[in-house]
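Structure data (PDB, C-alpha atoms) from run.pdb:
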```
MODEL        1
ATOM      1  CA  MET K  10      77.084 104.239  74.937  1.00  0.00           C
ATOM      2  CA  PRO K  11      78.583 102.055  77.730  1.00  0.00           C
ATOM      3  CA  ASN K  12      81.489 103.553  79.698  1.00  0.00           C
ATOM      4  CA  ASP K  13      83.840 100.646  78.952  1.00  0.00           C
ATOM      5  CA  LEU K  14      84.041 101.442  75.224  1.00  0.00           C
ATOM      6  CA  PRO K  15      86.832 103.765  74.081  1.00  0.00           C
ATOM      7  CA  PRO K  16      85.797 107.244  72.928  1.00  0.00           C
ATOM      8  CA  VAL K  17      84.888 107.437  69.271  1.00  0.00           C
ATOM      9  CA  THR K  18      85.199 111.101  68.385  1.00  0.00           C
ATOM     10  CA  LEU K  19      87.897 113.661  69.129  1.00  0.00           C
ATOM     11  CA  VAL K  20      85.477 115.588  71.351  1.00  0.00           C
ATOM     12  CA  GLU K  21      84.725 112.467  73.417  1.00  0.00           C
ATOM     13  CA  ALA K  22      88.409 111.621  73.662  1.00  0.00           C
ATOM     14  CA  LEU K  23      89.261 115.133  74.875  1.00  0.00           C
ATOM     15  CA  GLU K  24      86.508 115.049  77.496  1.00  0.00           C
ATOM     16  CA  THR K  25      87.336 111.603  78.887  1.00  0.00           C
ATOM     17  CA  PRO K  26      89.940 111.710  81.658  1.00  0.00           C
ATOM     18  CA  LEU K  27      92.611 109.033  81.775  1.00  0.00           C
ATOM     19  CA  ARG K  28      92.092 108.596  85.506  1.00  0.00           C
ATOM     20  CA  ASP K  29      89.719 109.624  88.254  1.00  0.00           C
ATOM     21  CA  PRO K  30      90.304 113.372  88.751  1.00  0.00           C
ATOM     22  CA  THR K  31      89.497 113.290  92.485  1.00  0.00           C
ATOM     23  CA  PRO K  32      92.679 113.475  94.566  1.00  0.00           C
ATOM     24  CA  ARG K  33      93.688 110.376  96.494  1.00  0.00           C
ATOM     25  CA  LYS K  34      94.663 110.467 100.110  1.00  0.00           C
ATOM     26  CA  CYS K  35      98.392 110.296 100.717  1.00  0.00           C
ATOM     27  CA  LEU K  36     100.006 106.951 101.462  1.00  0.00           C
ATOM     28  CA  TYR K  37     100.301 107.792 105.168  1.00  0.00           C
ATOM     29  CA  SER K  38      96.533 108.337 105.439  1.00  0.00           C
ATOM     30  CA  ARG K  39      95.802 105.198 103.420  1.00  0.00           C
ATOM     31  CA  VAL K  40      98.041 103.157 105.719  1.00  0.00           C
ATOM     32  CA  ARG K  41      96.392 104.721 108.786  1.00  0.00           C
ATOM     33  CA  SER K  42      92.865 104.035 107.534  1.00  0.00           C
ATOM     34  CA  GLY K  43      93.742 100.346 107.075  1.00  0.00           C
ATOM     35  CA  LEU K  44      94.704  99.930 110.727  1.00  0.00           C
ATOM     36  CA  ALA K  45      92.549  98.836 113.648  1.00  0.00           C
ATOM     37  CA  GLU K  46      91.289 101.647 115.899  1.00  0.00           C
ATOM     38  CA  GLU K  47      93.854 100.905 118.635  1.00  0.00           C
ATOM     39  CA  GLU K  48      96.655 100.912 116.058  1.00  0.00           C
ATOM     40  CA  GLN K  49      95.410 104.211 114.614  1.00  0.00           C
ATOM     41  CA  SER K  50      95.560 105.779 118.076  1.00  0.00           C
ATOM     42  CA  ALA K  51      99.096 104.465 118.610  1.00  0.00           C
ATOM     43  CA  LEU K  52     100.124 105.790 115.182  1.00  0.00           C
ATOM     44  CA  ASP K  53      98.615 109.203 115.992  1.00  0.00           C
ATOM     45  CA  ARG K  54     100.623 109.312 119.242  1.00  0.00           C
ATOM     46  CA  ALA K  55     103.793 108.283 117.391  1.00  0.00           C
ATOM     47  CA  LEU K  56     103.268 111.006 114.777  1.00  0.00           C
ATOM     48  CA  ASP K  57     102.795 113.542 117.585  1.00  0.00           C
ATOM     49  CA  ARG K  58     106.110 112.355 119.079  1.00  0.00           C
ATOM     50  CA  VAL K  59     107.831 112.855 115.720  1.00  0.00           C
ATOM     51  CA  ARG K  60     106.325 116.341 115.407  1.00  0.00           C
ATOM     52  CA  GLY K  61     107.281 117.279 118.963  1.00  0.00           C
ATOM     53  CA  ASP K  62     110.844 115.918 119.086  1.00  0.00           C
ATOM     54  CA  ASP K  63     112.920 119.094 118.878  1.00  0.00           C
ATOM     55  CA  ASN K  64     116.103 117.081 119.664  1.00  0.00           C
ATOM     56  CA  ASN K  65     117.607 119.747 121.972  1.00  0.00           C
ATOM     57  CA  GLY K  66     120.960 119.665 120.198  1.00  0.00           C
ATOM     58  CA  GLN K  67     121.156 115.882 120.009  1.00  0.00           C
ATOM     59  CA  ARG K  68     119.929 113.236 117.585  1.00  0.00           C
ATOM     60  CA  LYS K  69     116.189 112.946 117.464  1.00  0.00           C
ATOM     61  CA  VAL K  70     114.699 110.018 119.333  1.00  0.00           C
ATOM     62  CA  TYR K  71     111.484 110.094 117.319  1.00  0.00           C
ATOM     63  CA  SER K  72     111.944 110.915 113.649  1.00  0.00           C
ATOM     64  CA  SER K  73     110.147 110.277 110.397  1.00  0.00           C
ATOM     65  CA  ALA K  74     112.873 107.708 109.609  1.00  0.00           C
ATOM     66  CA  TRP K  75     112.129 105.900 112.887  1.00  0.00           C
ATOM     67  CA  LEU K  76     108.393 105.879 112.149  1.00  0.00           C
ATOM     68  CA  ALA K  77     108.942 104.705 108.567  1.00  0.00           C
ATOM     69  CA  ASN K  78     111.157 101.864 109.825  1.00  0.00           C
ATOM     70  CA  VAL K  79     108.569 100.770 112.386  1.00  0.00           C
ATOM     71  CA  LEU K  80     105.734 100.828 109.852  1.00  0.00           C
ATOM     72  CA  THR K  81     107.796  99.065 107.185  1.00  0.00           C
ATOM     73  CA  SER K  82     108.862  96.356 109.655  1.00  0.00           C
ATOM     74  CA  GLN K  83     105.175  95.748 110.326  1.00  0.00           C
ATOM     75  CA  GLY K  84     104.409  95.329 106.616  1.00  0.00           C
ATOM     76  CA  HIS K  85     103.320  98.902 105.814  1.00  0.00           C
ATOM     77  CA  HIS K  86     105.909 100.068 103.272  1.00  0.00           C
ATOM     78  CA  ILE K  87     106.247 103.829 103.539  1.00  0.00           C
ATOM     79  CA  SER K  88     109.183 106.213 103.273  1.00  0.00           C
ATOM     80  CA  SER K  89     110.292 108.870 105.719  1.00  0.00           C
ATOM     81  CA  ALA K  90     109.823 111.443 102.927  1.00  0.00           C
ATOM     82  CA  THR K  91     106.135 110.500 102.674  1.00  0.00           C
ATOM     83  CA  ILE K  92     105.746 110.933 106.426  1.00  0.00           C
ATOM     84  CA  GLN K  93     107.565 114.294 106.269  1.00  0.00           C
ATOM     85  CA  ARG K  94     105.225 115.538 103.516  1.00  0.00           C
ATOM     86  CA  HIS K  95     102.247 114.539 105.675  1.00  0.00           C
ATOM     87  CA  ILE K  96     103.711 116.283 108.742  1.00  0.00           C
ATOM     88  CA  ARG K  97     104.392 119.479 106.723  1.00  0.00           C
ATOM     89  CA  ASP K  98     100.873 119.377 105.209  1.00  0.00           C
ATOM     90  CA  VAL K  99     102.196 119.271 101.651  1.00  0.00           C
ATOM     91  CA  CYS K 100     100.793 115.830 100.836  1.00  0.00           C
ATOM     92  CA  SER K 101      97.704 115.028  98.804  1.00  0.00           C
ATOM     93  CA  CYS K 102      95.611 115.009 102.013  1.00  0.00           C
ATOM     94  CA  ARG K 103      96.202 118.729 102.351  1.00  0.00           C
ATOM     95  CA  SER K 104      95.425 119.423  98.706  1.00  0.00           C
ATOM     96  CA  GLU K 105      92.208 117.423  99.113  1.00  0.00           C
ATOM     97  CA  GLU K 106      91.198 119.552 102.123  1.00  0.00           C
ATOM     98  CA  THR K 107      91.789 122.807 100.242  1.00  0.00           C
ATOM     99  CA  THR K 108      89.836 121.472  97.251  1.00  0.00           C
ATOM    100  CA  ASN K 109      86.817 120.683  99.449  1.00  0.00           C
ATOM    101  CA  GLU K 110      86.753 124.104 101.159  1.00  0.00           C
TER     102      GLU K 110
ENDMDL
END
```
Go through the file and emit its structure as structure tokens.
Amino acid sequence: MPNDLPPVTLVEALETPLRDPTPRKCLYSRVRSGLAEEEQSALDRALDRVRGDDNNGQRKVYSSAWLANVLTSQGHHISSATIQRHIRDVCSCRSEETTNE
């Protein structure tokens, strides 16, 4: 039976997932993988700046909002919340790593 036909029996319907069960990379990683190598390196450095900016009692210079604004202005629409999830390792990239271990 070809895969493009809908399931016929209840058993087939219950065993056919609605979507691919493998986790997708988070949006941040998908954006990064679409960049040129030089841009990926610059993005890695920027993310390190965001991680390392402890603000010393003042407003942060490098924040997830700053990085999201830069990426969005360059045509890569991403939110600061998505970047924060990636920084905190609570995005789908992290769940993919733990699944593969």
- Atom-to-atom span, CA of Arg58 in chain K and CA of Val70 in chain K, Å: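 For CA of Arg58 in chain K relative to CA of Val70 in chain K, the distance reads 8.9 Å.
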- Quick one: distance from CA of Arg60 in chain K to CA of Ser72 in chain K in Å, one decimal?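 The value is 8.0 Å.
The residue that comes closest to Arg94 in chain K, out of K:Leu36, K:Leu23, K:Leu76, K:Arg28 and on the basis of all atoms listed in the file, is K:Leu36.
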Shell of 12 Å around Leu52 in chain K, all atoms listed in the file, local chain residues under 6 positions omitted, as a PDB file with C-alpha atoms, in the frame of the given file:
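Result file around32.pdb:
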```
ATOM      1  CA  TYR K  37     100.301 107.792 105.168  1.00  0.00           C
ATOM      2  CA  SER K  38      96.533 108.337 105.439  1.00  0.00           C
ATOM      3  CA  VAL K  40      98.041 103.157 105.719  1.00  0.00           C
ATOM      4  CA  ARG K  41      96.392 104.721 108.786  1.00  0.00           C
ATOM      5  CA  SER K  42      92.865 104.035 107.534  1.00  0.00           C
ATOM      6  CA  GLY K  43      93.742 100.346 107.075  1.00  0.00           C
ATOM      7  CA  LEU K  44      94.704  99.930 110.727  1.00  0.00           C
ATOM      8  CA  ALA K  45      92.549  98.836 113.648  1.00  0.00           C
ATOM      9  CA  GLU K  46      91.289 101.647 115.899  1.00  0.00           C
ATOM     10  CA  ARG K  58     106.110 112.355 119.079  1.00  0.00           C
ATOM     11  CA  VAL K  59     107.831 112.855 115.720  1.00  0.00           C
ATOM     12  CA  SER K  73     110.147 110.277 110.397  1.00  0.00           C
ATOM     13  CA  LEU K  76     108.393 105.879 112.149  1.00  0.00           C
ATOM     14  CA  ALA K  77     108.942 104.705 108.567  1.00  0.00           C
ATOM     15  CA  VAL K  79     108.569 100.770 112.386  1.00  0.00           C
ATOM     16  CA  LEU K  80     105.734 100.828 109.852  1.00  0.00           C
ATOM     17  CA  ILE K  92     105.746 110.933 106.426  1.00  0.00           C
TER      18      ILE K  92
END
```
- Task: Work out how far apart CA of Pro32 in chain K and CA of Cys100 in chain K are and give it in Å to one decimal.
- Result: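 Between CA of Pro32 in chain K and CA of Cys100 in chain K the gap is 10.5 Å.
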